[in-house]
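Visitor: This one is run_24.tsv, TSV, C-alpha atoms.
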chain	number	residue	atom	x	y	z
A	14	MET	CA	-53.93	8.69	-27.14
A	15	SER	CA	-53.25	5.29	-25.65
A	16	ALA	CA	-53.69	4.62	-21.93
A	17	THR	CA	-50.73	3.99	-19.68
A	18	VAL	CA	-50.56	1.45	-16.88
A	19	PRO	CA	-47.92	1.25	-14.12
A	20	CYS	CA	-45.31	-1.40	-14.69
A	21	PRO	CA	-45.74	-4.03	-11.95
A	22	ALA	CA	-41.96	-4.28	-11.63
A	23	CYS	CA	-40.78	-0.66	-11.56
A	24	ASP	CA	-43.88	1.54	-11.58
A	25	ALA	CA	-42.97	3.26	-14.85
A	26	ALA	CA	-45.86	4.27	-17.09
A	27	VAL	CA	-46.28	1.62	-19.80
A	28	PRO	CA	-48.38	2.66	-22.82
A	29	ILE	CA	-51.11	0.20	-23.78
A	30	PRO	CA	-51.79	0.10	-27.54
A	31	ALA	CA	-55.32	0.99	-28.57
A	32	ASP	CA	-55.76	-2.36	-30.30
A	33	ALA	CA	-54.25	-4.44	-27.48
A	34	VAL	CA	-55.62	-7.85	-26.61
A	35	VAL	CA	-55.44	-9.89	-23.42
A	36	ALA	CA	-52.20	-11.92	-23.12
A	37	GLU	CA	-50.40	-9.61	-25.54
A	38	LEU	CA	-46.75	-9.18	-24.59
A	39	LEU	CA	-45.19	-5.78	-23.98
A	40	ARG	CA	-41.84	-4.71	-22.65
A	41	CYS	CA	-41.25	-1.99	-20.07
A	42	ARG	CA	-38.82	0.50	-21.56
A	43	GLU	CA	-37.45	1.40	-18.15
A	44	CYS	CA	-36.69	-1.95	-16.48
A	45	ASN	CA	-36.91	-4.16	-19.56
A	46	THR	CA	-39.35	-6.54	-17.91
A	47	GLU	CA	-41.51	-8.51	-20.30
A	48	LEU	CA	-45.13	-7.89	-19.43
A	49	GLU	CA	-48.41	-9.34	-20.53
A	50	ILE	CA	-51.77	-7.66	-20.63
A	51	ALA	CA	-53.80	-9.33	-17.89
A	52	THR	CA	-57.07	-7.47	-18.38
A	53	LEU	CA	-58.34	-4.78	-20.69
A	54	ASP	CA	-61.23	-3.28	-18.78
A	55	PRO	CA	-59.58	-1.79	-16.89
A	56	PRO	CA	-56.15	-2.40	-18.44
A	57	THR	CA	-53.75	-4.17	-16.11
A	58	LEU	CA	-50.33	-5.72	-16.58
A	59	ALA	CA	-48.57	-8.69	-15.08
A	60	GLU	CA	-45.01	-9.90	-15.40
A	61	ALA	CA	-44.81	-12.44	-18.19
A	62	PRO	CA	-43.53	-15.85	-17.13
A	63	THR	CA	-39.92	-16.35	-18.12
A	64	GLU	CA	-37.32	-19.05	-17.95
A	65	GLU	CA	-34.82	-18.28	-15.25
A	66	GLU	CA	-31.21	-18.04	-16.31
A	67	ASP	CA	-28.53	-19.79	-14.33
A	68	TRP	CA	-25.95	-17.13	-13.62
A	69	GLY	CA	-23.28	-19.35	-12.17
A	70	GLN	CA	-23.65	-21.70	-9.22
B	78	MET	CA	-16.71	31.40	-27.85
B	79	ILE	CA	-14.35	31.50	-24.88
B	80	ARG	CA	-10.68	30.70	-24.61
B	81	VAL	CA	-9.62	27.95	-22.22
B	82	ALA	CA	-6.36	26.53	-20.93
B	83	VAL	CA	-5.47	23.20	-19.37
B	84	VAL	CA	-2.76	23.42	-16.73
B	85	GLY	CA	-1.09	20.06	-16.27
B	86	GLY	CA	-2.12	18.52	-19.54
B	87	SER	CA	0.30	15.63	-19.75
B	88	GLY	CA	-1.62	13.26	-17.49
B	89	TYR	CA	-4.58	11.10	-18.33
B	90	THR	CA	-7.16	13.51	-16.94
B	91	GLY	CA	-5.52	16.40	-18.76
B	92	GLY	CA	-5.47	14.43	-21.98
B	93	GLU	CA	-9.13	13.57	-21.62
B	94	LEU	CA	-9.96	17.22	-21.04
B	95	VAL	CA	-8.02	18.24	-24.13
B	96	ARG	CA	-9.95	15.66	-26.16
B	97	LEU	CA	-13.29	17.03	-24.94
B	98	LEU	CA	-12.34	20.68	-25.33
B	99	LEU	CA	-11.09	20.23	-28.89
B	100	GLY	CA	-14.54	18.94	-29.82
B	101	HIS	CA	-16.49	21.53	-27.86
B	102	PRO	CA	-18.28	24.05	-30.10
B	103	GLU	CA	-18.18	26.92	-27.59
B	104	VAL	CA	-14.52	26.95	-26.61
B	105	ARG	CA	-11.13	27.46	-28.15
B	106	LEU	CA	-8.39	25.55	-26.40
B	107	ASP	CA	-5.20	27.47	-26.99
B	108	GLN	CA	-2.90	26.59	-24.10
B	109	VAL	CA	-1.94	23.28	-22.53
B	110	THR	CA	0.86	23.31	-19.99
B	111	SER	CA	3.42	20.77	-18.93
B	112	GLU	CA	6.75	21.54	-17.33
B	113	ARG	CA	8.36	18.31	-18.43
B	114	LEU	CA	7.00	18.31	-21.99
B	115	ALA	CA	7.15	22.03	-22.83
B	116	GLY	CA	7.79	22.45	-26.54
B	117	ARG	CA	6.57	18.95	-27.42
B	118	ALA	CA	3.41	18.25	-29.37
B	119	VAL	CA	0.31	17.53	-27.31
B	120	ALA	CA	-0.64	14.81	-29.77
B	121	GLU	CA	2.69	13.11	-29.14
B	122	ARG	CA	1.69	12.57	-25.53
B	123	HIS	CA	-1.97	11.88	-26.31
B	124	PRO	CA	-1.85	10.02	-29.63
B	125	ASN	CA	-5.62	9.77	-29.95
B	126	LEU	CA	-5.46	13.51	-30.73
B	127	ARG	CA	-3.30	13.17	-33.84
B	128	LYS	CA	-4.56	15.44	-36.60
B	129	ALA	CA	-7.00	17.03	-34.15
B	130	THR	CA	-4.57	19.63	-32.82
B	131	ASP	CA	-1.22	21.23	-33.55
B	132	LEU	CA	-0.87	22.52	-29.99
B	133	THR	CA	2.40	22.13	-28.19
B	134	PHE	CA	2.82	22.07	-24.44
B	135	VAL	CA	3.96	25.29	-22.84
B	136	ALA	CA	5.56	25.80	-19.44
B	137	SER	CA	3.14	27.03	-16.80
B	138	GLY	CA	5.28	30.14	-16.39
B	139	ASP	CA	4.36	31.10	-19.95
B	140	LEU	CA	0.61	30.81	-19.39
B	141	GLU	CA	-1.14	33.82	-20.85
B	142	PRO	CA	-4.41	35.32	-19.62
B	143	THR	CA	-7.45	33.36	-20.71
B	144	ASP	CA	-11.15	33.01	-19.88
B	145	LEU	CA	-11.16	29.72	-18.00
B	146	VAL	CA	-8.40	27.57	-16.54
B	147	PHE	CA	-8.69	23.86	-15.80
B	148	LEU	CA	-6.17	22.73	-13.22
B	149	CYS	CA	-5.07	19.11	-13.59
B	150	LEU	CA	-2.18	19.29	-11.17
B	151	PRO	CA	-1.08	16.72	-8.61
B	152	HIS	CA	-2.85	16.90	-5.28
B	153	GLY	CA	-1.28	19.60	-3.16
B	154	GLU	CA	0.11	21.58	-6.06
B	155	ALA	CA	-3.15	23.37	-6.89
B	156	GLY	CA	-3.53	24.53	-3.31
B	157	ARG	CA	-0.03	25.95	-3.24
B	158	SER	CA	-0.28	27.76	-6.57
B	159	ILE	CA	-3.92	28.76	-6.67
B	160	ASP	CA	-3.35	32.52	-6.56
B	161	ARG	CA	-1.14	32.41	-9.60
B	162	TYR	CA	-3.76	30.61	-11.69
B	163	ARG	CA	-6.65	32.68	-10.39
B	164	GLY	CA	-4.75	35.63	-11.79
B	165	SER	CA	-4.76	34.04	-15.24
B	166	ALA	CA	-8.51	33.70	-15.68
B	167	PRO	CA	-11.74	34.91	-14.10
B	168	ARG	CA	-13.00	31.33	-13.85
B	169	LEU	CA	-11.23	28.21	-12.71
B	170	ILE	CA	-12.09	24.53	-12.36
B	171	ASP	CA	-9.72	22.48	-10.21
B	172	LEU	CA	-9.69	18.73	-10.81
B	173	SER	CA	-7.43	17.93	-7.87
B	174	ALA	CA	-8.58	17.15	-4.34
B	175	ASP	CA	-7.27	20.43	-2.97
B	176	PHE	CA	-10.55	22.31	-2.68
B	177	ARG	CA	-13.12	19.56	-2.33
B	178	LEU	CA	-13.51	19.51	1.43
B	179	ARG	CA	-15.20	22.37	3.25
B	180	ASP	CA	-13.66	21.68	6.65
B	181	PRO	CA	-9.98	22.73	6.88
B	182	ALA	CA	-9.51	20.28	9.75
B	183	ALA	CA	-10.28	17.42	7.39
B	184	TYR	CA	-7.12	17.99	5.34
B	185	PRO	CA	-4.61	16.87	7.99
B	186	THR	CA	-6.82	13.84	8.65
B	187	TRP	CA	-7.25	12.74	5.05
B	188	TYR	CA	-4.38	14.38	3.16
B	189	GLY	CA	-1.70	14.49	5.82
B	190	ALA	CA	-1.08	18.23	5.88
B	191	ALA	CA	-2.76	21.47	6.79
B	192	HIS	CA	-4.42	23.24	3.88
B	193	PRO	CA	-2.32	26.10	2.50
B	194	ARG	CA	-5.34	28.30	1.73
B	195	PRO	CA	-8.21	27.40	4.06
B	196	ASP	CA	-9.72	30.84	3.45
B	197	LEU	CA	-10.63	29.72	-0.09
B	198	LEU	CA	-12.39	26.47	0.74
B	199	ASP	CA	-15.80	28.12	1.01
B	200	ARG	CA	-15.30	29.90	-2.30
B	201	PHE	CA	-15.16	26.67	-4.29
B	202	VAL	CA	-18.35	24.88	-5.28
B	203	TYR	CA	-18.20	21.09	-5.17
B	204	GLY	CA	-18.42	20.15	-8.81
B	205	ILE	CA	-21.00	17.38	-9.16
B	206	PRO	CA	-23.70	19.15	-11.22
B	207	GLU	CA	-26.45	16.79	-10.10
B	208	LEU	CA	-25.91	17.99	-6.53
B	209	HIS	CA	-25.03	21.66	-6.91
B	210	ARG	CA	-26.35	22.73	-10.29
B	211	GLU	CA	-27.56	26.20	-9.31
B	212	ARG	CA	-24.46	27.05	-7.32
B	213	ILE	CA	-22.21	25.95	-10.19
B	214	ARG	CA	-24.13	28.20	-12.59
B	215	GLY	CA	-23.06	31.22	-10.58
B	216	ALA	CA	-19.62	30.03	-9.59
B	217	ASP	CA	-16.22	31.29	-10.64
B	218	LEU	CA	-14.37	28.56	-8.71
B	219	VAL	CA	-15.37	24.90	-8.98
B	220	SER	CA	-13.71	21.85	-7.46
B	221	SER	CA	-14.40	18.67	-9.39
B	222	ALA	CA	-15.20	15.62	-7.30
B	223	GLY	CA	-13.11	12.50	-6.89
B	224	CYS	CA	-13.92	9.65	-9.22
B	225	ASN	CA	-14.76	7.07	-6.58
B	226	ALA	CA	-16.65	9.68	-4.59
B	227	THR	CA	-18.71	10.59	-7.65
B	228	ALA	CA	-19.80	7.00	-8.23
B	229	VAL	CA	-20.66	6.40	-4.59
B	230	ILE	CA	-22.42	9.71	-3.96
B	231	LEU	CA	-24.62	9.47	-7.05
B	232	GLY	CA	-25.55	5.90	-6.15
B	233	LEU	CA	-26.47	6.56	-2.54
B	234	ARG	CA	-27.60	10.13	-2.19
B	235	PRO	CA	-31.24	9.51	-3.18
B	236	LEU	CA	-31.54	6.89	-0.45
B	237	VAL	CA	-29.90	9.09	2.19
B	238	ALA	CA	-32.09	12.05	1.20
B	239	ALA	CA	-35.21	9.89	1.39
B	240	GLY	CA	-34.19	8.72	4.86
B	241	VAL	CA	-34.78	5.07	4.02
B	242	ILE	CA	-31.38	3.61	4.96
B	243	ASP	CA	-29.38	3.39	8.15
B	244	PRO	CA	-26.71	6.11	7.70
B	245	SER	CA	-24.53	4.59	10.38
B	246	CYS	CA	-23.63	1.55	8.29
B	247	ILE	CA	-22.74	2.09	4.66
B	248	VAL	CA	-20.19	-0.35	3.26
B	249	VAL	CA	-18.80	0.23	-0.23
B	250	GLU	CA	-16.38	-1.82	-2.28
B	251	ALA	CA	-15.13	-0.26	-5.52
B	252	LYS	CA	-13.35	-2.03	-8.34
B	253	VAL	CA	-11.21	0.47	-10.17
B	254	GLY	CA	-9.17	0.65	-13.34
B	255	SER	CA	-5.45	1.33	-13.62
B	256	SER	CA	-5.88	4.86	-14.99
B	257	GLU	CA	-6.95	5.95	-11.51
B	258	GLY	CA	-3.29	5.61	-10.61
B	259	GLY	CA	-2.29	8.34	-13.05
B	260	ALA	CA	0.16	8.46	-15.93
B	261	GLU	CA	3.35	8.09	-13.93
B	262	ALA	CA	4.81	4.61	-13.85
B	263	SER	CA	5.93	2.91	-10.67
B	264	GLU	CA	6.97	-0.54	-9.54
B	265	ALA	CA	3.35	-1.21	-8.67
B	266	THR	CA	2.26	-0.43	-12.22
B	267	HIS	CA	4.99	-2.44	-13.89
B	268	HIS	CA	3.20	-4.79	-16.30
B	269	PRO	CA	4.22	-8.08	-14.72
B	270	GLU	CA	3.03	-6.76	-11.36
B	271	ARG	CA	-0.15	-5.06	-12.50
B	272	SER	CA	-1.38	-7.36	-15.21
B	273	GLY	CA	-4.13	-9.70	-14.09
B	274	CYS	CA	-4.14	-8.33	-10.58
B	275	VAL	CA	-7.04	-8.07	-8.18
B	276	ARG	CA	-5.26	-5.87	-5.69
B	277	SER	CA	-6.84	-4.51	-2.52
B	278	TYR	CA	-4.88	-1.30	-2.70
B	279	GLN	CA	-6.91	0.70	-0.19
B	280	PRO	CA	-9.06	-1.48	2.09
B	281	THR	CA	-9.49	1.39	4.56
B	282	GLY	CA	-8.69	5.06	4.80
B	283	HIS	CA	-9.27	6.06	1.17
B	284	ARG	CA	-9.21	9.83	0.85
B	285	HIS	CA	-12.39	10.02	-1.14
B	286	THR	CA	-14.29	8.80	1.92
B	287	ALA	CA	-14.23	12.34	3.29
B	288	GLU	CA	-16.02	13.65	0.21
B	289	MET	CA	-18.61	10.93	0.40
B	290	VAL	CA	-19.47	11.80	3.99
B	291	GLN	CA	-19.52	15.51	3.21
B	292	GLU	CA	-21.77	15.23	0.17
B	293	LEU	CA	-24.13	12.40	1.08
B	294	GLY	CA	-25.85	14.76	3.48
B	295	GLY	CA	-28.71	13.47	5.58
B	296	SER	CA	-29.94	14.44	9.02
B	297	VAL	CA	-26.90	12.81	10.65
B	298	PRO	CA	-23.47	12.38	9.04
B	299	ALA	CA	-23.24	9.15	7.10
B	300	SER	CA	-20.71	6.60	8.25
B	301	VAL	CA	-19.09	5.30	5.08
B	302	HIS	CA	-16.78	2.28	5.12
B	303	PHE	CA	-15.04	2.33	1.77
B	304	SER	CA	-12.58	-0.10	0.19
B	305	ALA	CA	-10.97	0.04	-3.24
B	306	THR	CA	-9.67	-2.84	-5.30
B	307	ALA	CA	-7.58	-2.46	-8.45
B	308	VAL	CA	-8.68	-4.86	-11.17
B	309	GLU	CA	-7.78	-5.69	-14.76
B	310	MET	CA	-9.36	-2.63	-16.34
B	311	VAL	CA	-7.90	0.59	-17.71
B	312	ARG	CA	-10.87	2.90	-17.28
B	313	GLY	CA	-13.79	2.60	-14.95
B	314	VAL	CA	-15.17	2.40	-11.47
B	315	LEU	CA	-17.75	-0.11	-10.31
B	316	ALA	CA	-18.92	0.78	-6.81
B	317	THR	CA	-20.92	-1.85	-4.94
B	318	ALA	CA	-22.55	-0.36	-1.87
B	319	HIS	CA	-24.18	-2.39	0.87
B	320	VAL	CA	-26.78	-0.39	2.80
B	321	PHE	CA	-29.54	-1.42	5.15
B	322	LEU	CA	-33.13	-0.31	4.76
B	323	ASN	CA	-34.85	1.04	7.84
B	324	GLN	CA	-38.27	0.28	6.38
B	325	ASP	CA	-39.75	-2.39	4.17
B	326	LEU	CA	-39.54	-1.10	0.61
B	327	ASP	CA	-40.31	-3.13	-2.46
B	328	ASP	CA	-38.60	-2.66	-5.80
B	329	ARG	CA	-41.28	-0.33	-7.10
B	330	ALA	CA	-40.76	1.99	-4.16
B	331	LEU	CA	-37.02	1.98	-4.78
B	332	TRP	CA	-37.60	2.77	-8.43
B	333	ARG	CA	-39.75	5.73	-7.37
B	334	ILE	CA	-36.99	7.06	-5.09
B	335	PHE	CA	-34.26	6.82	-7.73
B	336	ARG	CA	-36.54	8.06	-10.49
B	337	ALA	CA	-37.60	11.09	-8.44
B	338	ALA	CA	-33.97	11.97	-7.76
B	339	TRP	CA	-32.34	11.26	-11.09
B	340	GLY	CA	-35.06	10.63	-13.65
B	341	GLN	CA	-34.54	13.97	-15.37
B	342	GLU	CA	-30.75	13.97	-15.24
B	343	PRO	CA	-29.12	13.84	-18.67
B	344	PHE	CA	-26.10	11.85	-17.50
B	345	ILE	CA	-27.61	9.44	-15.00
B	346	ARG	CA	-29.26	6.24	-16.18
B	347	LEU	CA	-31.13	3.81	-13.98
B	348	VAL	CA	-29.98	0.37	-15.07
B	349	ASN	CA	-31.93	-2.29	-13.25
B	350	ALA	CA	-33.31	-4.63	-15.88
B	351	ARG	CA	-35.16	-7.78	-14.92
B	352	GLN	CA	-34.17	-9.46	-18.16
B	353	GLY	CA	-31.44	-9.30	-20.75
B	354	LEU	CA	-27.69	-9.54	-20.73
B	355	HIS	CA	-26.81	-6.13	-19.27
B	356	ARG	CA	-29.05	-6.01	-16.22
B	357	LEU	CA	-26.88	-3.90	-13.95
B	358	PRO	CA	-24.26	-1.20	-14.50
B	359	GLU	CA	-20.98	-2.17	-16.14
B	360	PRO	CA	-18.11	0.29	-16.44
B	361	LYS	CA	-16.88	-1.25	-19.68
B	362	LEU	CA	-19.88	0.13	-21.55
B	363	LEU	CA	-19.23	3.63	-20.21
B	364	ALA	CA	-15.67	4.13	-21.42
B	365	GLY	CA	-15.37	7.60	-22.89
B	366	THR	CA	-18.89	8.65	-21.85
B	367	ASN	CA	-20.11	11.05	-19.20
B	368	TYR	CA	-22.78	8.71	-17.88
B	369	CYS	CA	-23.22	7.32	-14.41
B	370	ASP	CA	-25.27	4.13	-14.50
B	371	ILE	CA	-27.01	3.15	-11.27
B	372	GLY	CA	-28.72	-0.11	-10.38
B	373	TRP	CA	-29.72	-1.97	-7.23
B	374	GLN	CA	-31.02	-5.22	-5.88
B	375	ARG	CA	-32.86	-5.85	-2.64
B	376	ASP	CA	-31.65	-8.89	-0.71
B	377	PRO	CA	-34.75	-11.08	-0.39
B	378	HIS	CA	-33.48	-12.58	2.87
B	379	SER	CA	-32.63	-9.41	4.78
B	380	ASN	CA	-33.01	-5.63	4.77
B	381	ARG	CA	-29.77	-5.26	2.83
B	382	LEU	CA	-29.93	-3.25	-0.35
B	383	VAL	CA	-27.04	-3.50	-2.80
B	384	VAL	CA	-26.55	-0.37	-4.91
B	385	ILE	CA	-24.27	-0.60	-7.90
B	386	SER	CA	-22.96	2.46	-9.70
B	387	ALA	CA	-20.53	2.70	-12.59
B	388	ILE	CA	-18.67	5.51	-14.31
B	389	ASP	CA	-15.63	6.14	-16.46
B	390	ASN	CA	-13.25	7.58	-13.87
B	391	LEU	CA	-11.63	9.88	-16.43
B	392	MET	CA	-14.98	11.18	-17.69
B	393	LYS	CA	-17.85	11.45	-15.20
B	394	GLY	CA	-15.20	11.04	-12.53
B	395	ALA	CA	-12.98	13.85	-13.83
B	396	ALA	CA	-12.83	15.55	-17.24
B	397	GLY	CA	-16.44	15.01	-18.31
B	398	GLN	CA	-17.75	16.25	-14.99
B	399	ALA	CA	-15.56	19.35	-15.33
B	400	VAL	CA	-16.83	20.10	-18.84
B	401	GLN	CA	-20.40	19.63	-17.62
B	402	ALA	CA	-19.66	22.20	-14.91
B	403	MET	CA	-18.10	24.55	-17.46
B	404	ASN	CA	-21.27	24.31	-19.56
B	405	LEU	CA	-23.36	25.30	-16.55
B	406	MET	CA	-21.05	28.19	-15.62
B	407	HIS	CA	-21.49	29.66	-19.09
B	408	GLY	CA	-25.19	28.99	-19.61
B	409	TRP	CA	-24.68	26.50	-22.43
B	410	PRO	CA	-26.74	23.34	-22.74
B	411	GLU	CA	-25.34	21.04	-20.09
B	412	THR	CA	-24.66	18.21	-22.50
B	413	THR	CA	-22.62	20.29	-24.96
B	414	GLY	CA	-19.51	18.43	-26.05
B	415	LEU	CA	-20.42	15.37	-24.02
B	416	GLY	CA	-22.58	13.43	-26.44
B	417	PHE	CA	-20.43	10.33	-26.90
B	418	LEU	CA	-22.53	7.25	-26.23
B	419	GLY	CA	-19.73	4.74	-25.80
B	420	LEU	CA	-18.89	1.62	-27.76
B	421	HIS	CA	-20.46	-1.80	-27.93
B	422	PRO	CA	-18.85	-4.20	-28.12
B	423	VAL	CA	-15.63	-2.92	-26.68
Before we go any further, please render this structure as structure tokens.

Guide:
Amino acid sequence: MSATVPCPACDAAVPIPADAVVAELLRCRECNTELEIATLDPPTLAEAPTEEEDWGQ
Amino acid sequence: MIRVAVVGGSGYTGGELVRLLLGHPEVRLDQVTSERLAGRAVAERHPNLRKATDLTFVASGDLEPTDLVFLCLPHGEAGRSIDRYRGSAPRLIDLSADFRLRDPAAYPTWYGAAHPRPDLLDRFVYGIPELHRERIRGADLVSSAGCNATAVILGLRPLVAAGVIDPSCIVVEAKVGSSEGGAEASEATHHPERSGCVRSYQPTGHRHTAEMVQELGGSVPASVHFSATAVEMVRGVLATAHVFLNQDLDDRALWRIFRAAWGQEPFIRLVNARQGLHRLPEPKLLAGTNYCDIGWQRDPHSNRLVVISAIDNLMKGAAGQAVQAMNLMHGWPETTGLGFLGLHPV
């Protein structure tokens, strides 16, 4: 069974694949935030850097 | 299998109910009434039902005993004729506003007249399953909630229950579709007048406000300031609520509050995506479904929290909610007959 780590954006449990590597990208199924694996021991997640969209100025 | 009847089936809510009931595996719809259209085919009035039913409208005076009656009558009419329809079936779901409010004194204030049967108000269970599931299971009389009220209550109740917002200042603006106005035409709905409009049709004093205050609960009555704007949309409600946090909560804490309240609900979805095209609720995606989508955004410059909720007014705001209640009343899976996921694109 893979470990789960709280999503840094919404606190949902995000499963970490058994063969995960640092900097691997994941997506939270609840809030759709793109996440990257920051550390593996222990596993932690950070929000992946993204380009901001311009939603009308 | 039970037999059901729809009283007042010529309107949009009635037509939506007929559509749902014809596809429901546990019911047989065998009577749909309309005074004006008695003898005419139901599918003539609701053409999406062509080839799905051969039913014809009957006059309400010809209604025969059945197992469950849905009342889709104009506001005021259900209250006046309730005894007659209670005599037709052991269970009844009223989709009008006539039995939504517990306090008889609220009817002159919000509906302009004293209630004809105040003795029955306590007998009806307010019909939002997410609020009153256990009471609906044992009920024989259910009063379905107003469409705008449903969207607002589902969006805000978790925050009120958690005590994290100031209940004395809740401001809600709802954009609503034209079907909220019913199936009867008027000068206001004439195409050249209605098309393309953004019409503030009820900036204050909307009747559904009374339901919101009643059902939001909390340690002190909520003060809801509600406005409704008609927009270029046939179905749908998009309620944008402005509330003010009384403590510093980050987005994760807000997620925990909404998830604790609604995470297990089959017809509520938390839609608050950080990325992607559809980040927050949109009524267009909900047309024909029984979902209520709820999202929010914390104002980074103040303690304002904007809560956005969307429904199809004819479904979660009316017919779908009523079928969900019927499922509970009969011990069927709550989602029976309500599985439509909507269309995309639409």

Visitor: Just need the residues of chain B within 10 Å of chain A, counting all atoms listed in the file, so spit them out as a ChimeraX atom specification.

Guide: /B:327-333,336,346-353,356

Visitor: For stretch 51-56 of chain A, work out the shell of residues within 9 Å, counting only C-alpha atoms and skipping chain neighbours fewer than 4 positions away, then give it as a list in words.

Guide: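 Close residues of stretch 51-56 of chain A: Ala16, Thr17, Val18, Ile29, Ala33, Val34, Val35, Ala36 and Glu37 of chain A.
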
Visitor: Just to be explicit: take each residue in the selection above, keep C-alpha atoms, and write the result as a short mmCIF file (atom, residue, chain, number, x, y, z; two decimals), in the coordinates of the input.

Guide:
data_model
loop_
_atom_site.label_atom_id
_atom_site.label_comp_id
_atom_site.auth_asym_id
_atom_site.auth_seq_id
_atom_site.Cartn_x
_atom_site.Cartn_y
_atom_site.Cartn_z
CA ALA A 16 -53.69 4.62 -21.93
CA THR A 17 -50.73 3.99 -19.68
CA VAL A 18 -50.56 1.45 -16.88
CA ILE A 29 -51.11 0.20 -23.78
CA ALA A 33 -54.25 -4.44 -27.48
CA VAL A 34 -55.62 -7.85 -26.61
CA VAL A 35 -55.44 -9.89 -23.42
CA ALA A 36 -52.20 -11.92 -23.12
CA GLU A 37 -50.40 -9.61 -25.54
#

Visitor: Which residue, B:Ser379, B:Gln374, B:Thr130, B:Thr413, has the smallest gap to B:Pro343 when you use only C-alpha atoms?

Guide: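 Nearest to B:Pro343: B:Thr413.
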
Visitor: Using all atoms listed in the file, list the residues that have an atom at most 9 Å from (-17.9, 33.1, -11.8), coordinates as in the file, as an NGL selection string.

Guide: :B and (167-169 or 213-218 or 406-407)

Visitor: Which distance in Å separates atom CA of B:Ala299 and atom CA of B:Gln279, to one decimal?

Guide: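 Pair atom CA of B:Ala299 / atom CA of B:Gln279 returns 19.8 Å.
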
Visitor: If you measure from atom CA of B:Met289 to atom CA of B:Lys252, what distance in Å do you get, rounded to one decimal?

Guide: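 Between these atoms lies a distance of 16.5 Å.
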
Visitor: Counting all atoms listed in the file, which of B:Gly340, B:Gly223, B:Gly254, B:Gly164 gets nearest to B:Arg276?

Guide: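 Looking only at the distances to B:Arg276, the closest residue turns out to be B:Gly254.
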
Visitor: Rank nothing, just name the residue among B:Asn390, B:Asn225, B:Thr143, B:Thr366 nearest to B:Phe303, using all atoms listed in the file.

Guide: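 Nearest to B:Phe303: B:Asn225.
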
Visitor: Leaving out B:Arg117 and any residue of its chain fewer than 4 positions from it, which residues lie within 12 Å of it when counting all atoms listed in the file, given as an MDAnalysis selection string?

Guide: chainID B and resid 86:87 109:113 121:123 131:136

Visitor: Can you measure atom CA of B:Glu411 to atom CA of B:Val384 for me? One decimal in Å is fine.

Guide: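 Between these atoms lies a distance of 26.3 Å.
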
Visitor: Choose the residue, out of B:Tyr368, B:Phe321, B:Phe176, B:Trp339, that has the smallest atom-to-atom separation from B:Asp389; count only C-alpha atoms.

Guide: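 Closest to B:Asp389 of all the choices is B:Tyr368.
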
Visitor: List as a list in words the protein and nucleic acid residues near B:His192, meaning an atom at most 12 Å away when all atoms listed in the file are counted, but skip any in the same chain fewer than 5 places from it.

Guide: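 Once the nearby chain positions are removed, what remains is His152, Gly153, Glu154, Ala155, Gly156, Arg157, Ile159, Ala174, Asp175, Phe176, Arg177, Leu178, Arg179, Asp180, Pro181, Ala182, Ala183, Tyr184, Pro185, Thr186, Trp187, Leu197 and Leu198 of chain B.
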
Visitor: Neighbours of B:Leu140 within 12 Å (only C-alpha atoms; same-chain residues fewer than 6 positions away dropped), as a list of chain:residue names?

Guide: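 These residues fall inside the cut-off: B:Val81, B:Ala82, B:Val83, B:Val84, B:Gly85, B:Asp107, B:Gln108, B:Val109, B:Thr110, B:Ser111, B:Glu112, B:Ala115, B:Phe134, B:Val146, B:Arg161, B:Tyr162, B:Arg163, B:Gly164, B:Ser165, B:Ala166.
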
Visitor: Name the residues in contact with B:Leu233 at a cut-off of 9 Å, using all atoms listed in the file, excluding same-chain residues fewer than 3 positions from it; report them as a PDB file with C-alpha atoms, in the coordinates of the input.

Guide:
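Printed below is result_31.pdb as written:
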ATOM      1  CA  ALA B 228     -19.800   7.000  -8.230  1.00  0.00           C
ATOM      2  CA  VAL B 229     -20.660   6.400  -4.590  1.00  0.00           C
ATOM      3  CA  ILE B 230     -22.420   9.710  -3.960  1.00  0.00           C
ATOM      4  CA  LEU B 236     -31.540   6.890  -0.450  1.00  0.00           C
ATOM      5  CA  VAL B 237     -29.900   9.090   2.190  1.00  0.00           C
ATOM      6  CA  ALA B 238     -32.090  12.050   1.200  1.00  0.00           C
ATOM      7  CA  LEU B 293     -24.130  12.400   1.080  1.00  0.00           C
ATOM      8  CA  ALA B 318     -22.550  -0.360  -1.870  1.00  0.00           C
ATOM      9  CA  VAL B 320     -26.780  -0.390   2.800  1.00  0.00           C
ATOM     10  CA  VAL B 384     -26.550  -0.370  -4.910  1.00  0.00           C
ATOM     11  CA  SER B 386     -22.960   2.460  -9.700  1.00  0.00           C
TER      12      SER B 386
END

Visitor: For B:Val308, which of B:Cys274, B:Ala262, B:Val290, B:Ile388 is the closest residue, counting all atoms listed in the file?

Guide: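 Result for the nearest residue to B:Val308: B:Cys274.
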